[in-house]
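Enquirer: Take a look at this one; I'll ask things after.
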4 protein chains.
Amino acid sequence: MSEGSIQGHVLSPVLEYLEALHAQFADHLEGEVATYIPELAKANGQWFGICLATTDGQIYEVGDSRRPFTIQSISKPFVYAAALEAHGREAVLRKIGVEPSGDAFNAISLDPVSGRPANPMINAGAIAATGMLPGDTPDERYAHLLGSLARYAGHELCVDEAVYVSERETGFRNQAIAFLLRNAGVLEDDPLPTLDLYFQQCSVLVDCRDLAIMAATLAAGGVNPLTGVRALDADHVESVLSMMGSCGMYDFAGEWSLSVGLPAKSGVSGGILATLPGHLGIGVFSPLLDARGNSVRGIAVCRELSQRFGLHLFNVPQTGATVIHRTYSADEVSSNRVRPPAVAAALQRLGRRIRVYELAGALSFGTVEVVVRDVLDKVNTQDFVILDLERVTESDFAAATCSPHSPFA
Amino acid sequence: MSEGSIQGHVLSPVLEYLEALHAQFADHLEGEVATYIPELAKANGQWFGICLATTDGQIYEVGDSRRPFTIQSISKPFVYAAALEAHGREAVLRKIGVEPSGDAFNAISLDPVSGRPANPMINAGAIAATGMLPGDTPDERYAHLLGSLARYAGHELCVDEAVYVSERETGFRNQAIAFLLRNAGVLEDDPLPTLDLYFQQCSVLVDCRDLAIMAATLAAGGVNPLTGVRALDADHVESVLSMMGSCGMYDFAGEWSLSVGLPAKSGVSGGILATLPGHLGIGVFSPLLDARGNSVRGIAVCRELSQRFGLHLFNVPQTGATVIHRTYSADEVSSNRVRPPAVAAALQRLGRRIRVYELAGALSFGTVEVVVRDVLDKVNTQDFVILDLERVTESDFAAATCSPHSPFA
Amino acid sequence: MSEGSIQGHVLSPVLEYLEALHAQFADHLEGEVATYIPELAKANGQWFGICLATTDGQIYEVGDSRRPFTIQSISKPFVYAAALEAHGREAVLRKIGVEPSGDAFNAISLDPVSGRPANPMINAGAIAATGMLPGDTPDERYAHLLGSLARYAGHELCVDEAVYVSERETGFRNQAIAFLLRNAGVLEDDPLPTLDLYFQQCSVLVDCRDLAIMAATLAAGGVNPLTGVRALDADHVESVLSMMGSCGMYDFAGEWSLSVGLPAKSGVSGGILATLPGHLGIGVFSPLLDARGNSVRGIAVCRELSQRFGLHLFNVPQTGATVIHRTYSADEVSSNRVRPPAVAAALQRLGRRIRVYELAGALSFGTVEVVVRDVLDKVNTQDFVILDLERVTESDFAAATCSPHSPFA
Amino acid sequence: MSEGSIQGHVLSPVLEYLEALHAQFADHLEGEVATYIPELAKANGQWFGICLATTDGQIYEVGDSRRPFTIQSISKPFVYAAALEAHGREAVLRKIGVEPSGDAFNAISLDPVSGRPANPMINAGAIAATGMLPGDTPDERYAHLLGSLARYAGHELCVDEAVYVSERETGFRNQAIAFLLRNAGVLEDDPLPTLDLYFQQCSVLVDCRDLAIMAATLAAGGVNPLTGVRALDADHVESVLSMMGSCGMYDFAGEWSLSVGLPAKSGVSGGILATLPGHLGIGVFSPLLDARGNSVRGIAVCRELSQRFGLHLFNVPQTGATVIHRTYSADEVSSNRVRPPAVAAALQRLGRRIRVYELAGALSFGTVEVVVRDVLDKVNTQDFVILDLERVTESDFAAATCSPHSPFA
């Protein structure tokens, strides 16, 4: 049993589920460890961790969730966020596009006319964003970078020097990209210090838990759910998630959108970070990659989670199957339709600006949402709303959400 | 005042807002009417209609919302849906990709190896989907097509024969695509009858109101909110919306995702259809197009709507700013913390398995949702929940949502 | 021994060489027979013929040089020639580009803006050229096509109806191209009759000997060396050879240029036609193709021929190693330098405006050419030139050229 | 009158023609001076020089033929040649392709799989070739480079330090290319010293006359016609000319091939070098460039020269119009067919193994070539050949070639 599995005397059902999920894929050792730099090639294909973090600060983690690895491309949305915060959206848009390139992970994808990178989730766009980190000196920019990432993770992070040196010594393609960006005027000075910073940013050590918390920070509108510290202006969260949504998974974007449906970012060290806005962050770590450079088990786990909990952004609630068994206002209280009697009596006490909702059957986030919207609609005409929960039988997302041990509480 | 503006004695605030929005852009006559077929060139650049339809059947429409035009590319998601329903996801995936092409609206975008179209929202993918419509004869397939579209719109639709003939006589590029698909084995028989059907599907007459209702049908999980008729298996709604989300706006996909953030589809006759899953459908009609083939005012209206009502998919609720002023259980009722007295008395009547939420400040869907999740969490330990709404002051999406005349009721 | 090997009592050394070349590659059965249409797949991989035709009408042929096959893409330069003759260079340039596409044999390669095909040697450019064949009716254009090809070959040619029907029934890609050309306005009417004519042109039956004579006709400036009939205006020969030189071998153009260095055209039925301007035409037939669609043995044979006989266009003569042993004018005759005495006596008879060249060593076309240029330079100052050949020992191209049995005589 | 115009008391007709050509284009000031590095932008658009050099060492030059400019891309064929000589063709082919890219002058054009540059005439291929220059130290490689170029030009050359520094400081795109080549393993060490050498090679100062002599050295099979020094192994001349022929003029290759038809190379400083193998070299200098980066007047001059003198490689001689008025052997001497009587007498003296060619009409290289081949064919059966030139009236290339003042003598 993994270190993260015991949260108390009773194993939470979410954790129970994650343990089962981890076991299900533990022996699926398809894919290859990245070898483009020697340090990454040292990764053990067995390593496998999963972590969920909710926007209200619950953490569920299994497997190698505390094993450090370099963040690699998962740094991209966060550095893009830093560029947005430092320069504003318009200035950043002038230098970095927002369209999916449809290209492979190592494509250069600069606009043939403007030389502008297609989007901030490919290397060229990420290096351009790194070049927009504020600071007068390399040290200041380095400090800004680490400070920014630390706010998402909730603690100080550090650079794996061996990986950084390895990146710098072998990153010829990225050096090429940096010079192309300089050529196009996207980078304005000597591109090498910016590239150094980019290699450092890729070499920041995180673990699976960090990824989940960073994702949850985005899910929570930019505020770290554990520390309460704001990591990103709320205004820019939408932009960052949009870029993760359309460009975060390279040329797997469409399939990911179809089968997982969450804004996400993957890295060649085997991490995947995914966000369900408003709800939770997911971090998975497994260094075995597919041909597109995405973690094989990372994708599998996210797909399972999305399907199991209905996390897909377009997972439309079955509004047709309402859970509102009956609803009535105080006007109707006197009738014998009201049951139980205690309610009738209570309502008479509360006065006329009141509405009762008898909920029934299987609750889910989607179905309850209809109730919420109805409640919201009555906000000016009612003083009280009473939800009668006695007929509720089960739930879906609610399997986790509604139990007394719910991780999503 | 447009025909759609009067819904009752009192003008709804949504309608009021749409009227203002229509007025704001009425004189913005940028862009060009499509001229690639003579019939489309007859469109009047002044035409301009907007319609919103909620998943519970409210319709708000202004301007030329009842002026018929040919559906063109907006038919694509619906025909893709029909292909999914007829053959299942796996079979459709074998013939039509799911990745954004990053290409312009008239690109061919077939996979260089497989010959498979990049996605179902480009012409090649749409013709491939048309080729998968069920039916033994052209007449049967035509009937299936019109029957399917009719279920989304809620009434019979018909083909504009003049446009259809015009398309057929000038659609050389699409004829080329059809033969390339035949060459790749994506189309299996003579491609010309399929192409005829495609030209017919593009020539189906709709109006802005139809688009909104069709979008709302997707938003409602596949059930037409006006007729209650299921137009699409719930299982496939997610796939259709995913493709609209990543590929619906051609090479404007990234910018659309950033600034509007809703799955959508545009057509060269000037229509745009957008869906907020679970909530509403939007239809806009204005035939003046930008260089990418998207309606200029259509985009502007959708952007305004998204920003005004916070419709962006990644519009993360400000969970930090809770609206829960106070919450207490029946155990705590006896204390003098409970106000007003009527509540105390009522609670004593209702028994101990009860919880009161005093809500306060500005409500929004996002903030209230936190309450709901807390409520859901108590479903097994509480029998009743009372929402005390007396301290609520204002709202956001709620500007519309919470008024007594709310269209979203 | 093949049918072509006996030209007289004594086997010519060229024929002897071709026999050896044929034997050398007879068992090299690499490559695959084209299968894209069923009729082509019936070809026998063993078939193998070679033919050389000089501009003065000598023919050397070995192996299956009289086995008919369909001309396929080798028709392209000749139909381009017909278009040039019918409309003039400017009109043709407006519809068909002249740049190598660098693309594979089945690429579409239309200009993204103009829709103009890259060059006349790819399918798109060839179909465009077919569309420019003169004639008011399909029958007239068909007659023009066959009449034109017949002048190159020196006899009537006919269409293989089975292949034509097979092409027409399966040529979906070419149908696509035809519609794209129609879309771009490169084809101006219904593209299908033009496409039919294109399929017919590809299905014209030729043999290896025909190819060599057609090539020799181009080598001879447009006049068929056997019949003396002009097949093409001299003005257009340069253009046709230029297109063969830069675009005739698809994406093998560069390697062909490097190792063979002759303007050429290949076809998927296994033919290759190559031209040494001013000198000879080559035809090779072997249906086994490489991945680029070129005949494997066809390339090998052309490479050997080019190297053996120094046919490469850039095979620069070794002007440094002159073969002029000595040269003297009549002024110098009286000296004892003149040998043999008979020459001295003869020269005294001929008068003073005379020059003697004593040639020595190994002759080649290149080395002798220096002599010729010197002779030409003396044309106004000398009445006679005497070439003294007694010291000549051997030759190169001259191995064939200079023997009493020379095929190039 | 330019400095080069006086070669003696009588102005040669070639020089006369070049003067007229220079005058014809002197005021054609279309195009733009290259501005990508500040030093190049200082060029004067008026500068205009032309030079021809024959393989036997005649030089004709007009205009600014002695004004130095940096060689830029015209260094590419010569450095490719040096790589071929140092490593052999196979080794070079493994690192640098030979296919035209069809791309613009500043395209990167690396093979998507191998990373190998498309050909040695684009920047990427040229930098790869520079990386193959022999030498253990940068100084040795620099010395090898300058030594090699000097042998072509016939004198020492030097680097324009200001241009070199300017290239190095602004050549971001080339730096990018160098890192991409390093990434692909085409460059094997630190790419920066190689890139420095490349910038130096581009900054070598030449003039128009140098270009013509360098071209003539290639035309003469690798031997400098002025110094007699071999600059390149004869074996590699063919390869270098082939690459110039197919790739030397960027995406203008096809049009150049059509209208000029000579292997050539252009540079952004305004030079064009072209070679007629076996005959002559052309150098033109005019810094005004077209959109493709080729000298506008350079192209115009080469086109005129090619058309005027029939230099196009595919300018097929009109062999049909033979210039052999009559030919007879010694056997036929006794007949009264022989005229003049002196010939008859002379022939009787010379013996029987003799053949007389009476030439007549207009000579050209092409027509005389038929005579040569016939002579070659008789080499084993005749001891003497007599060319009777009395009936020769005029010539074509021969306008220059055959006059007593011929530059081509």
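Each chain in the structure tokens gets a letter, A, B and so on, in the order shown; residues start at 1 in every chain, and ligands are counted from 1 in the order they appear.
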Per residue of range 273-325 of chain C within 12 Å of range 222-230 of chain C, which atom pair is closest and at what distance in Å (one decimal), using only C-alpha atoms, listed by chain and increasing number, as CSV?

Expert:
residue,atom,partner,partner_atom,distance
C:Thr275,CA,C:Gly222,CA,11.8
C:Pro277,CA,C:Gly222,CA,10.4
C:Gly278,CA,C:Gly222,CA,10.3
C:His279,CA,C:Pro225,CA,10.6
C:Leu280,CA,C:Pro225,CA,9.8
C:Gly281,CA,C:Pro225,CA,10.3

Enquirer: Using only C-alpha atoms, tabulate the residues of range 210-304 of chain C lying at most 12 Å from any atom of range 37-49 of chain C, each with its closest atom pair and that distance in Å to one decimal, by chain and increasing residue number, as a Markdown table.

Expert:
| residue | atom | partner | partner_atom | distance |
| --- | --- | --- | --- | --- |
| C:Asp210 | CA | C:Gly49 | CA | 11.5 |
| C:Leu211 | CA | C:Gly49 | CA | 10.9 |
| C:Ala212 | CA | C:Gly49 | CA | 11.0 |
| C:Gly267 | CA | C:Leu40 | CA | 11.4 |
| C:Val268 | CA | C:Leu40 | CA | 8.4 |
| C:Ser269 | CA | C:Leu40 | CA | 6.6 |
| C:Gly270 | CA | C:Phe48 | CA | 9.2 |
| C:Gly271 | CA | C:Gly49 | CA | 9.3 |
| C:Ile272 | CA | C:Gly49 | CA | 10.6 |
| C:Ile282 | CA | C:Gly49 | CA | 10.8 |
| C:Gly283 | CA | C:Gly49 | CA | 8.1 |
| C:Val284 | CA | C:Gly49 | CA | 5.7 |
| C:Phe285 | CA | C:Gly49 | CA | 5.0 |
| C:Ser286 | CA | C:Phe48 | CA | 4.6 |
| C:Pro287 | CA | C:Gly45 | CA | 5.8 |
| C:Leu288 | CA | C:Gly45 | CA | 5.7 |
| C:Leu289 | CA | C:Gly45 | CA | 9.4 |
| C:Ser295 | CA | C:Phe48 | CA | 10.4 |
| C:Val296 | CA | C:Gly45 | CA | 10.9 |
| C:Arg297 | CA | C:Phe48 | CA | 8.1 |
| C:Gly298 | CA | C:Phe48 | CA | 8.8 |
| C:Val301 | CA | C:Gly49 | CA | 10.1 |

Enquirer: Write out the residues from the selection above, keeping N, CA and C atoms, as a PDB file, in the first residue's frame.

Expert:
ATOM      1  N   ASP C 210      10.020   2.433 -79.619  1.00  0.00           N
ATOM      2  CA  ASP C 210       9.302   3.687 -79.803  1.00  0.00           C
ATOM      3  C   ASP C 210       9.864   4.769 -78.878  1.00  0.00           C
ATOM      4  N   LEU C 211      10.067   4.395 -77.617  1.00  0.00           N
ATOM      5  CA  LEU C 211      10.579   5.389 -76.664  1.00  0.00           C
ATOM      6  C   LEU C 211      11.909   5.957 -77.138  1.00  0.00           C
ATOM      7  N   ALA C 212      12.792   5.073 -77.585  1.00  0.00           N
ATOM      8  CA  ALA C 212      14.107   5.532 -78.027  1.00  0.00           C
ATOM      9  C   ALA C 212      13.977   6.477 -79.223  1.00  0.00           C
ATOM     10  N   GLY C 267       7.673   6.280 -66.443  1.00  0.00           N
ATOM     11  CA  GLY C 267       6.255   5.971 -66.302  1.00  0.00           C
ATOM     12  C   GLY C 267       6.053   4.738 -65.438  1.00  0.00           C
ATOM     13  N   VAL C 268       4.883   4.635 -64.840  1.00  0.00           N
ATOM     14  CA  VAL C 268       4.642   3.524 -63.904  1.00  0.00           C
ATOM     15  C   VAL C 268       4.515   2.159 -64.560  1.00  0.00           C
ATOM     16  N   SER C 269       4.384   2.134 -65.869  1.00  0.00           N
ATOM     17  CA  SER C 269       4.395   0.827 -66.512  1.00  0.00           C
ATOM     18  C   SER C 269       5.817   0.299 -66.656  1.00  0.00           C
ATOM     19  N   GLY C 270       6.803   1.097 -66.304  1.00  0.00           N
ATOM     20  CA  GLY C 270       8.175   0.602 -66.274  1.00  0.00           C
ATOM     21  C   GLY C 270       9.074   1.174 -67.343  1.00  0.00           C
ATOM     22  N   GLY C 271       8.580   2.127 -68.108  1.00  0.00           N
ATOM     23  CA  GLY C 271       9.409   2.728 -69.147  1.00  0.00           C
ATOM     24  C   GLY C 271      10.209   3.906 -68.626  1.00  0.00           C
ATOM     25  N   ILE C 272      11.370   4.101 -69.237  1.00  0.00           N
ATOM     26  CA  ILE C 272      12.121   5.345 -69.047  1.00  0.00           C
ATOM     27  C   ILE C 272      12.603   5.789 -70.427  1.00  0.00           C
ATOM     28  N   ILE C 282      17.239   7.243 -75.639  1.00  0.00           N
ATOM     29  CA  ILE C 282      17.316   5.961 -74.944  1.00  0.00           C
ATOM     30  C   ILE C 282      15.908   5.568 -74.525  1.00  0.00           C
ATOM     31  N   GLY C 283      15.568   4.307 -74.689  1.00  0.00           N
ATOM     32  CA  GLY C 283      14.333   3.765 -74.143  1.00  0.00           C
ATOM     33  C   GLY C 283      14.657   2.508 -73.365  1.00  0.00           C
ATOM     34  N   VAL C 284      14.168   2.426 -72.130  1.00  0.00           N
ATOM     35  CA  VAL C 284      14.346   1.201 -71.343  1.00  0.00           C
ATOM     36  C   VAL C 284      12.980   0.794 -70.831  1.00  0.00           C
ATOM     37  N   PHE C 285      12.756  -0.502 -70.738  1.00  0.00           N
ATOM     38  CA  PHE C 285      11.471  -1.016 -70.240  1.00  0.00           C
ATOM     39  C   PHE C 285      11.724  -2.156 -69.275  1.00  0.00           C
ATOM     40  N   SER C 286      11.278  -1.971 -68.048  1.00  0.00           N
ATOM     41  CA  SER C 286      11.324  -3.027 -67.028  1.00  0.00           C
ATOM     42  C   SER C 286      10.306  -2.647 -65.984  1.00  0.00           C
ATOM     43  N   PRO C 287       9.261  -3.422 -65.816  1.00  0.00           N
ATOM     44  CA  PRO C 287       8.111  -2.963 -65.016  1.00  0.00           C
ATOM     45  C   PRO C 287       8.323  -2.961 -63.502  1.00  0.00           C
ATOM     46  N   LEU C 288       9.464  -3.442 -63.028  1.00  0.00           N
ATOM     47  CA  LEU C 288       9.669  -3.458 -61.574  1.00  0.00           C
ATOM     48  C   LEU C 288      10.081  -2.056 -61.115  1.00  0.00           C
ATOM     49  N   LEU C 289       9.259  -1.474 -60.214  1.00  0.00           N
ATOM     50  CA  LEU C 289       9.434  -0.074 -59.817  1.00  0.00           C
ATOM     51  C   LEU C 289       9.999   0.044 -58.414  1.00  0.00           C
ATOM     52  N   SER C 295      11.340   2.857 -62.717  1.00  0.00           N
ATOM     53  CA  SER C 295      11.811   1.510 -63.029  1.00  0.00           C
ATOM     54  C   SER C 295      13.219   1.301 -62.463  1.00  0.00           C
ATOM     55  N   VAL C 296      13.372   0.249 -61.672  1.00  0.00           N
ATOM     56  CA  VAL C 296      14.666   0.003 -61.016  1.00  0.00           C
ATOM     57  C   VAL C 296      15.749  -0.277 -62.063  1.00  0.00           C
ATOM     58  N   ARG C 297      15.459  -1.220 -62.957  1.00  0.00           N
ATOM     59  CA  ARG C 297      16.473  -1.536 -63.964  1.00  0.00           C
ATOM     60  C   ARG C 297      16.606  -0.422 -64.994  1.00  0.00           C
ATOM     61  N   GLY C 298      15.517   0.317 -65.198  1.00  0.00           N
ATOM     62  CA  GLY C 298      15.586   1.458 -66.112  1.00  0.00           C
ATOM     63  C   GLY C 298      16.614   2.469 -65.633  1.00  0.00           C
ATOM     64  N   VAL C 301      20.219   0.928 -65.906  1.00  0.00           N
ATOM     65  CA  VAL C 301      20.716   0.901 -67.278  1.00  0.00           C
ATOM     66  C   VAL C 301      21.132   2.300 -67.734  1.00  0.00           C
TER      67      VAL C 301
END

Enquirer: Hey, what's within 7 Å of range 198-205 of chain A if we count only C-alpha atoms and toss same-chain stuff fewer than 6 positions away? As a list of chain:residue names, please?

Expert: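 What passes the distance filter is A:Pro68, A:Phe69, A:Thr70, A:Ile71, A:Gln72, A:Ser73, A:Ser75, A:Ile127, A:Thr130, A:Leu157, A:Cys158, A:Val159, A:Asp160, A:Val163, A:Tyr164, A:Glu167, A:Arg168.
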
Enquirer: Do a neighbour search on Ala91 in chain C at 12 Å with only C-alpha atoms, toss out local chain neighbours closer than 4 positions, and write the hits as an MDAnalysis selection string.

Expert: chainID C and resid 83:87 95:97 128:129 132 186

Enquirer: Could you list, as a PyMOL selection string, every residue within 10 Å of range 249-259 of chain C, counting only C-alpha atoms and ignoring same-chain residues fewer than 3 positions away?

Expert: (chain C and resi 100-107+121-122+244-246+262-267+272+292-294+299-300+302-304+306-307+312-314) or (chain D and resi 93+97-101+118-119+238-243+245-247)

Enquirer: Those same residues - C-alpha atoms - I'd like them written as an mmCIF file, in the first residue's frame.

Expert:
data_model
loop_
_atom_site.group_PDB
_atom_site.id
_atom_site.type_symbol
_atom_site.label_atom_id
_atom_site.label_comp_id
_atom_site.auth_asym_id
_atom_site.auth_seq_id
_atom_site.Cartn_x
_atom_site.Cartn_y
_atom_site.Cartn_z
ATOM 1 C CA PRO C 100 10.284 21.173 -59.629
ATOM 2 C CA SER C 101 7.904 20.332 -56.817
ATOM 3 C CA GLY C 102 10.306 18.174 -54.859
ATOM 4 C CA ASP C 103 7.271 16.050 -54.156
ATOM 5 C CA ALA C 104 6.531 12.381 -54.629
ATOM 6 C CA PHE C 105 5.066 11.020 -57.831
ATOM 7 C CA ASN C 106 1.522 11.063 -56.551
ATOM 8 C CA ALA C 107 1.581 14.496 -54.934
ATOM 9 C CA MET C 121 5.649 16.450 -65.479
ATOM 10 C CA ILE C 122 3.371 15.780 -62.507
ATOM 11 C CA MET C 244 12.276 16.717 -68.430
ATOM 12 C CA GLY C 245 15.636 17.795 -67.046
ATOM 13 C CA SER C 246 14.342 19.423 -63.903
ATOM 14 C CA LEU C 262 20.139 13.485 -69.059
ATOM 15 C CA PRO C 263 16.665 14.946 -69.484
ATOM 16 C CA ALA C 264 14.296 12.023 -69.007
ATOM 17 C CA LYS C 265 10.804 10.852 -68.151
ATOM 18 C CA SER C 266 9.639 7.690 -66.476
ATOM 19 C CA GLY C 267 6.255 5.971 -66.302
ATOM 20 C CA ILE C 272 12.121 5.345 -69.047
ATOM 21 C CA ARG C 292 9.346 6.511 -56.088
ATOM 22 C CA GLY C 293 7.611 4.870 -59.041
ATOM 23 C CA ASN C 294 10.667 4.687 -61.285
ATOM 24 C CA ILE C 299 17.560 3.695 -63.776
ATOM 25 C CA ALA C 300 20.408 1.228 -63.510
ATOM 26 C CA CYS C 302 20.646 4.663 -67.836
ATOM 27 C CA ARG C 303 23.275 5.172 -65.178
ATOM 28 C CA GLU C 304 25.542 2.585 -66.766
ATOM 29 C CA SER C 306 25.753 7.541 -69.022
ATOM 30 C CA GLN C 307 28.927 6.534 -67.249
ATOM 31 C CA HIS C 312 26.193 13.229 -68.630
ATOM 32 C CA LEU C 313 25.358 16.772 -69.741
ATOM 33 C CA PHE C 314 28.095 18.078 -67.487
ATOM 34 C CA LEU D 93 25.738 12.326 -49.821
ATOM 35 C CA GLY D 97 20.885 15.680 -50.105
ATOM 36 C CA VAL D 98 20.808 16.387 -53.815
ATOM 37 C CA GLU D 99 17.148 17.187 -54.445
ATOM 38 C CA PRO D 100 15.797 20.621 -55.266
ATOM 39 C CA SER D 101 13.711 21.834 -52.372
ATOM 40 C CA ALA D 118 17.808 19.065 -49.116
ATOM 41 C CA ASN D 119 20.812 20.098 -51.188
ATOM 42 C CA GLU D 238 29.997 16.897 -62.813
ATOM 43 C CA SER D 239 28.493 16.721 -59.317
ATOM 44 C CA VAL D 240 29.050 20.394 -58.627
ATOM 45 C CA LEU D 241 27.568 21.463 -61.951
ATOM 46 C CA SER D 242 24.617 19.109 -61.430
ATOM 47 C CA MET D 243 23.777 20.769 -58.126
ATOM 48 C CA GLY D 245 21.889 23.054 -62.513
ATOM 49 C CA SER D 246 19.060 21.756 -60.375
ATOM 50 C CA CYS D 247 19.300 23.875 -57.213
#

Enquirer: Return the neighbours of chain C among the residues of chain B, cut-off 7 Å, counting only C-alpha atoms, as an mmCIF file with N, CA, C and O atoms, in the first residue's frame.

Expert:
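Written out: result.cif:
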data_model
loop_
_atom_site.group_PDB
_atom_site.id
_atom_site.type_symbol
_atom_site.label_atom_id
_atom_site.label_comp_id
_atom_site.auth_asym_id
_atom_site.auth_seq_id
_atom_site.Cartn_x
_atom_site.Cartn_y
_atom_site.Cartn_z
ATOM 1 N N PHE B 172 -16.430 22.475 -57.438
ATOM 2 C CA PHE B 172 -15.355 21.648 -57.996
ATOM 3 C C PHE B 172 -14.387 21.168 -56.925
ATOM 4 O O PHE B 172 -13.900 20.056 -56.952
ATOM 5 N N ARG B 173 -14.115 22.043 -55.993
ATOM 6 C CA ARG B 173 -13.184 21.668 -54.935
ATOM 7 C C ARG B 173 -13.734 20.505 -54.104
ATOM 8 O O ARG B 173 -13.020 19.569 -53.766
ATOM 9 N N GLN B 175 -15.873 18.364 -55.171
ATOM 10 C CA GLN B 175 -15.840 17.178 -56.020
ATOM 11 C C GLN B 175 -14.450 16.556 -55.978
ATOM 12 O O GLN B 175 -14.301 15.337 -55.875
ATOM 13 N N ALA B 176 -13.437 17.413 -56.000
ATOM 14 C CA ALA B 176 -12.066 16.920 -55.884
ATOM 15 C C ALA B 176 -11.880 16.166 -54.572
ATOM 16 O O ALA B 176 -11.327 15.057 -54.530
ATOM 17 N N ILE B 177 -12.371 16.761 -53.502
ATOM 18 C CA ILE B 177 -12.231 16.119 -52.186
ATOM 19 C C ILE B 177 -12.934 14.770 -52.179
ATOM 20 O O ILE B 177 -12.410 13.773 -51.661
ATOM 21 N N PHE B 179 -13.418 12.732 -54.577
ATOM 22 C CA PHE B 179 -12.634 11.721 -55.292
ATOM 23 C C PHE B 179 -11.379 11.328 -54.508
ATOM 24 O O PHE B 179 -10.951 10.173 -54.541
ATOM 25 N N LEU B 180 -10.807 12.276 -53.804
ATOM 26 C CA LEU B 180 -9.660 11.918 -52.953
ATOM 27 C C LEU B 180 -10.094 10.961 -51.845
ATOM 28 O O LEU B 180 -9.374 10.028 -51.496
ATOM 29 N N ARG B 182 -12.612 8.919 -52.051
ATOM 30 C CA ARG B 182 -12.846 7.635 -52.714
ATOM 31 C C ARG B 182 -11.528 6.919 -52.953
ATOM 32 O O ARG B 182 -11.399 5.708 -52.748
ATOM 33 N N ASN B 183 -10.529 7.699 -53.354
ATOM 34 C CA ASN B 183 -9.202 7.145 -53.616
ATOM 35 C C ASN B 183 -8.604 6.517 -52.359
ATOM 36 O O ASN B 183 -7.954 5.480 -52.418
#

Enquirer: What is the CA of Asp189 in chain A to CA of Gly131 in chain A distance in Å?

Expert: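 It comes out at 9.0 Å.
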
Enquirer: What gap, in Å, lies between CA of Thr194 in chain D and CA of Ser109 in chain D?

Expert: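 Distance reported for this atom pair: 19.1 Å.
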
Enquirer: Can you pull out every residue within 12 Å of Gly147 in chain C, counting only C-alpha atoms, but drop anything in the same chain fewer than 3 positions away, and send it as number ranges by chain?

Expert: C: 78-79, 82, 133-134, 139-144, 150-158, 201, 204, 231-232

Enquirer: Have a look at CA of Ala162 in chain A and CA of Asp196 in chain A and let me know their distance in Å, one decimal.

Expert: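 We find that CA of Ala162 in chain A and CA of Asp196 in chain A lie 13.5 Å from each other.
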
Enquirer: Which residues in range 38-279 of chain B does DSSP call strand (DSSP E or B)? List them as an MDAnalysis selection string.

Expert: chainID B and resid 49:54 59:63 69:70 110 117 159 204:206 223 230 264:266 271:276

Enquirer: Using DSSP on the backbone, list every residue of range 207-293 of chain D that comes out as alpha helix (DSSP H), and give them as a VMD selection string.

Expert: chain D and resid 208 to 219 234 to 247 253 to 259
